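A short worksheet on the structure shown next.
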Amino acid sequence: MNIGVLIKQVPDMEKVKFNSERGLIDRKSAGTEINPFDLNALEAAIQLREMTDGKVTAISMGPPSAEEALREAIARGADEGFLISDKHFGGADTKATAHTLSAAIKKLGGFTLIIAGEKTVDGDTGQVGAETADYLNIPHVSYVSHIQAVNLDNIQVISDIWSGRYLKEMALPGLLTVTKNINTPRLPSFKRKMAARKAEINKLTFEDLKEYIALEECGLKGSPTWVNKIEVPPTATRKGKIIRNDTETAVNLLVELFKEMKVMEG
Amino acid sequence: MGDEKYTGILIFAEQKNGIIHKVSYELLNKGRELANQLMAPVYCIVVGPKSMDLQELIYRGADEVYYVGNDFLNLPEELIYTENIINLIKRIKPEICLFGATSFGRSLAPRIAGNLKTGLTADCTELKIDEDGKLIQIRPAFSDNILAHIKTKTYPQMATIRYKEFSEAERDINRSGKIIKVDPILVEKTGVKILRELECMENDISEAEVVVAGGRGIKTPEDFKILYELAELLGGVVGASRAVVEENYISSQHQVGYSGNRVKPKLYIACGISGAPQHLAGMREAERIVAINSDPSAPIFNIADIGIVGDLYEVIPTLIEKLKKKEVAV
Ligand SMILES: Cc1cc2nc3c(=O)[nH]c(=O)nc-3n(C[C@H](O)[C@H](O)[C@H](O)COP(=O)(O)OP(=O)(O)OC[C@H]3O[C@@H](n4cnc5c(N)ncnc54)[C@H](O)[C@@H]3O)c2cc1C
Ligand SMILES: Nc1ncnc2c1ncn2[C@@H]1O[C@H](COP(=O)(O)O)[C@@H](O)[C@H]1O
């Protein structure tokens with residue numbers, strides 16, 4: 001089975017600095033990594049490949065530096081990586097991103113399954129997966145926490161919707177977005193790391209995709225939404241009461257609180 | 001001014017088993033407020049099983065309710081819903097289109113926006129009308145670290161809105177409005193079939209008034225028993241940090257946080273949870289937060305109303321005992 005995995009390079013959230021006075025994000029303050037949710041998408045793809053044979057292709061739209069993320073994807077088990085990069089693709093919102101990714105997927109052709117993460121930790125929208133499916137005119141299932149069975153024609157998955165879990169069957173080709181609970185991503189092996197260092201990262205520019213997408217549909221121009229302003233709210237803290245190593249006092253205080261809040265049943 | 005061809009605010013009122021999700025009433029509240037500023041009507045779309053009683057949506061502020069009712073529309077099937085909703089959006093031509101940012105809403109709305117080739121803003125926590133009559137959509141991004149103000153150039157301006165950000169619209173039984181029945185569009189082959197619903201958490205954690213949550217401070221899966229006992233005494237449910245979900249101590253539906261459930265209970269009791277930013281993202285808006293942790297420097301204490309530095313294996317059993325005695329005394 002030929003599987004495409006959508007991965008995005010994001011700033012390392014543990015290290016990014018946010019300036020709440022000036023409303024700024026200092027992206028330079030942090031290194032970059034593969035969006036943590038996309039590691040689960042990649043792992044799901046690798047496990048499917050191990051079951052069914054075939055190929056895993058990591059696809060990312062981003063600046064030239066996103067090549068690093070694709071290299072890491074190869075180190076973690078992807079067979080190849082495609083970087084979709086062009087100055088015309090910059091400033092894309094979810095619509096333009098999904099449209100461009102779908103153009104690349106059509107251009108590469110031959111995928112039976114596309115897997116995306118649930119959301120990115122920077123854009124944080126969780127929209128690109130389902131929107132890409134729509135541009136590709138294929139079905140999608142979101143919030144997949146388990147892959148139950150797969151054959152050449154369809155795949156059975158568990159989708160977590162509301163407080164319920166549904167067993168869904170999707171015809172292939174189709175797209176899944178997966179949650180962090182689907183698996184635990186493997187770490188790169190030493191051997192794969194070496195291979196990744198030498199691997200060729202394929203590039204696609206607007207020129208390569210122009211059969212599938214118009215210039216006005218890419219990047220900033222193709223983005224119907226725009227950021228008018230950002231605010232960095234100060235981190236919320238509460239000045240609470242702290243009780244140290246005194247169970248009796250602590251428990252009494254809690255009972256008082258429960259009474260006051262009327263949370264005790266009966 | 002907005003675009004003249006598009007007027008009114010359309011709210012997708014989500015339902016499950018014929019029961020309208022409460023986020024819809026919250027959207028009606030905000031929607032009405034925006035509509036009054038724009039001097040425009042409020043529409044609702046309901047897609048669901050037959051014979052739903054939709055008068056409530058009118059009492060809560062809808063002027064017109066478009067109802068696509070058929071029993072095959074009961075399950076969360078994005079692709080069938082998409083066809084039916086797109087059909088109505090094209091007919092109604094609203095300037096603003098709002099969905100609840102529930103798991104279903106967030107899976108459905110991108111499909112619709114993609115199809116209509118319009119912009120979609122995810123997971124908003126506030127909406128305003130700008131001087132030019134356009135919608136300002138305010139949403140957290142960068143893992144909840146910033147608030148972005150987003151505007152949309154295309155119509156309809158579409159957004160998903162977080163649950164429990166706005167209060168529900170007040171009920172006014174003197175309000176009148178129209179319920180318009182719409183024939184369902186049958187979609188023969190969507191490519192997705194729901195084989196069955198596997199399980200449903202009895203008490204939805206995002207609805208709970210009291211959440212007693214455990215983290216890595218809980219040493220074995222069996223030890224969750226004390227949390228269940230405490231939750232029961234308080235009429236609440238049990239939550240968990242990702243760390244213990246990963247260990248398979250408890251199922252993922254209990255997970256609270258950035259990649260789990262967002263909760264906004266009256267009372268949140270964090271037991272043996274350090275308070276990583278990804279955990280806080282799911283619970284920091286609780287009305288009251290109690291933290292029990294043996295490490296005085298645990299970040300969870302920064303957002304606790306009552307912080308108890310101590311061993312949860314001592315504090316919780318003592319608390320349970322005390323609560324039980326109280327019950328006997330009443
Ligand atoms: C992309 C991403 C998404 C994530 N999403 C989530 C999410 O949705 N939810 C989530 O929770 N995490 C999430 N995480 C993980 C998060 O970063 C933390 O790793 C996790 O929350 C830690 O869980 P914990 O507090 O239970 O464990 P720890 O950090 O190990 O804390 C355990 C705490 O228990 C205390 N303790 C130990 N023994 C006792 C005792 N006997 N009595 C009292 N206290 C005791 C310790 O002092 C410690 O503070 C995410 C991470 C990433 C990268
Ligand atoms: N620039 C991108 N390149 C490749 N995949 C992406 C990109 N942006 C988003 N995705 C995919 O879409 C998912 C949802 O992203 P988002 O809608 O930004 O939260 C991610 O987890 C990725 O799988």
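The chains in the structure tokens are called A, B, ... from first to last as shown; in each chain the residues are counted from 1, and the ligands are counted from 1 in the order shown.
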Item checked: Counting only C-alpha atoms, chain B residues within 6 Å of chain A, as a VMD selection string -> chain B and resid 103 to 104 110 to 111 114 119 122 141 to 143 146 to 154 191 to 201 204 234 to 235 302 to 310 315 319
Check: What residues have any atom no more than 7 Å from ligand 1 when counting only C-alpha atoms and all ligand atoms, and can you list them as a count of residues only?
Finding: 39
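When only C-alpha atoms and all ligand atoms are used to compute distances to ligand 2, the closest of the residues B:Ala291, B:Leu127, B:Cys44, B:Leu120 turns out to be B:Leu120.
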Notebook entry, point to check: Got a sec: who's within 6 Å of Ala231 of chain B, counting only C-alpha atoms, leaving out chain neighbours fewer than 5 positions off, as number ranges by chain?
Noted result: B: 212, 236-237
Restricting it to N, CA, C and O atoms, dump the selection as a PDB file, in the first residue's frame.
```pdb
ATOM      1  N   VAL B 212     -12.254  14.636  39.231  1.00  0.00           N
ATOM      2  CA  VAL B 212     -11.162  14.218  40.091  1.00  0.00           C
ATOM      3  C   VAL B 212     -10.145  13.537  39.173  1.00  0.00           C
ATOM      4  O   VAL B 212     -10.420  12.483  38.619  1.00  0.00           O
ATOM      5  N   GLY B 236     -19.012  13.448  40.778  1.00  0.00           N
ATOM      6  CA  GLY B 236     -18.185  13.837  39.640  1.00  0.00           C
ATOM      7  C   GLY B 236     -17.669  12.651  38.840  1.00  0.00           C
ATOM      8  O   GLY B 236     -18.117  11.518  39.031  1.00  0.00           O
ATOM      9  N   VAL B 237     -16.747  12.932  37.944  1.00  0.00           N
ATOM     10  CA  VAL B 237     -16.158  11.881  37.119  1.00  0.00           C
ATOM     11  C   VAL B 237     -14.633  11.891  37.288  1.00  0.00           C
ATOM     12  O   VAL B 237     -14.069  12.840  37.829  1.00  0.00           O
TER      13      VAL B 237
END
```
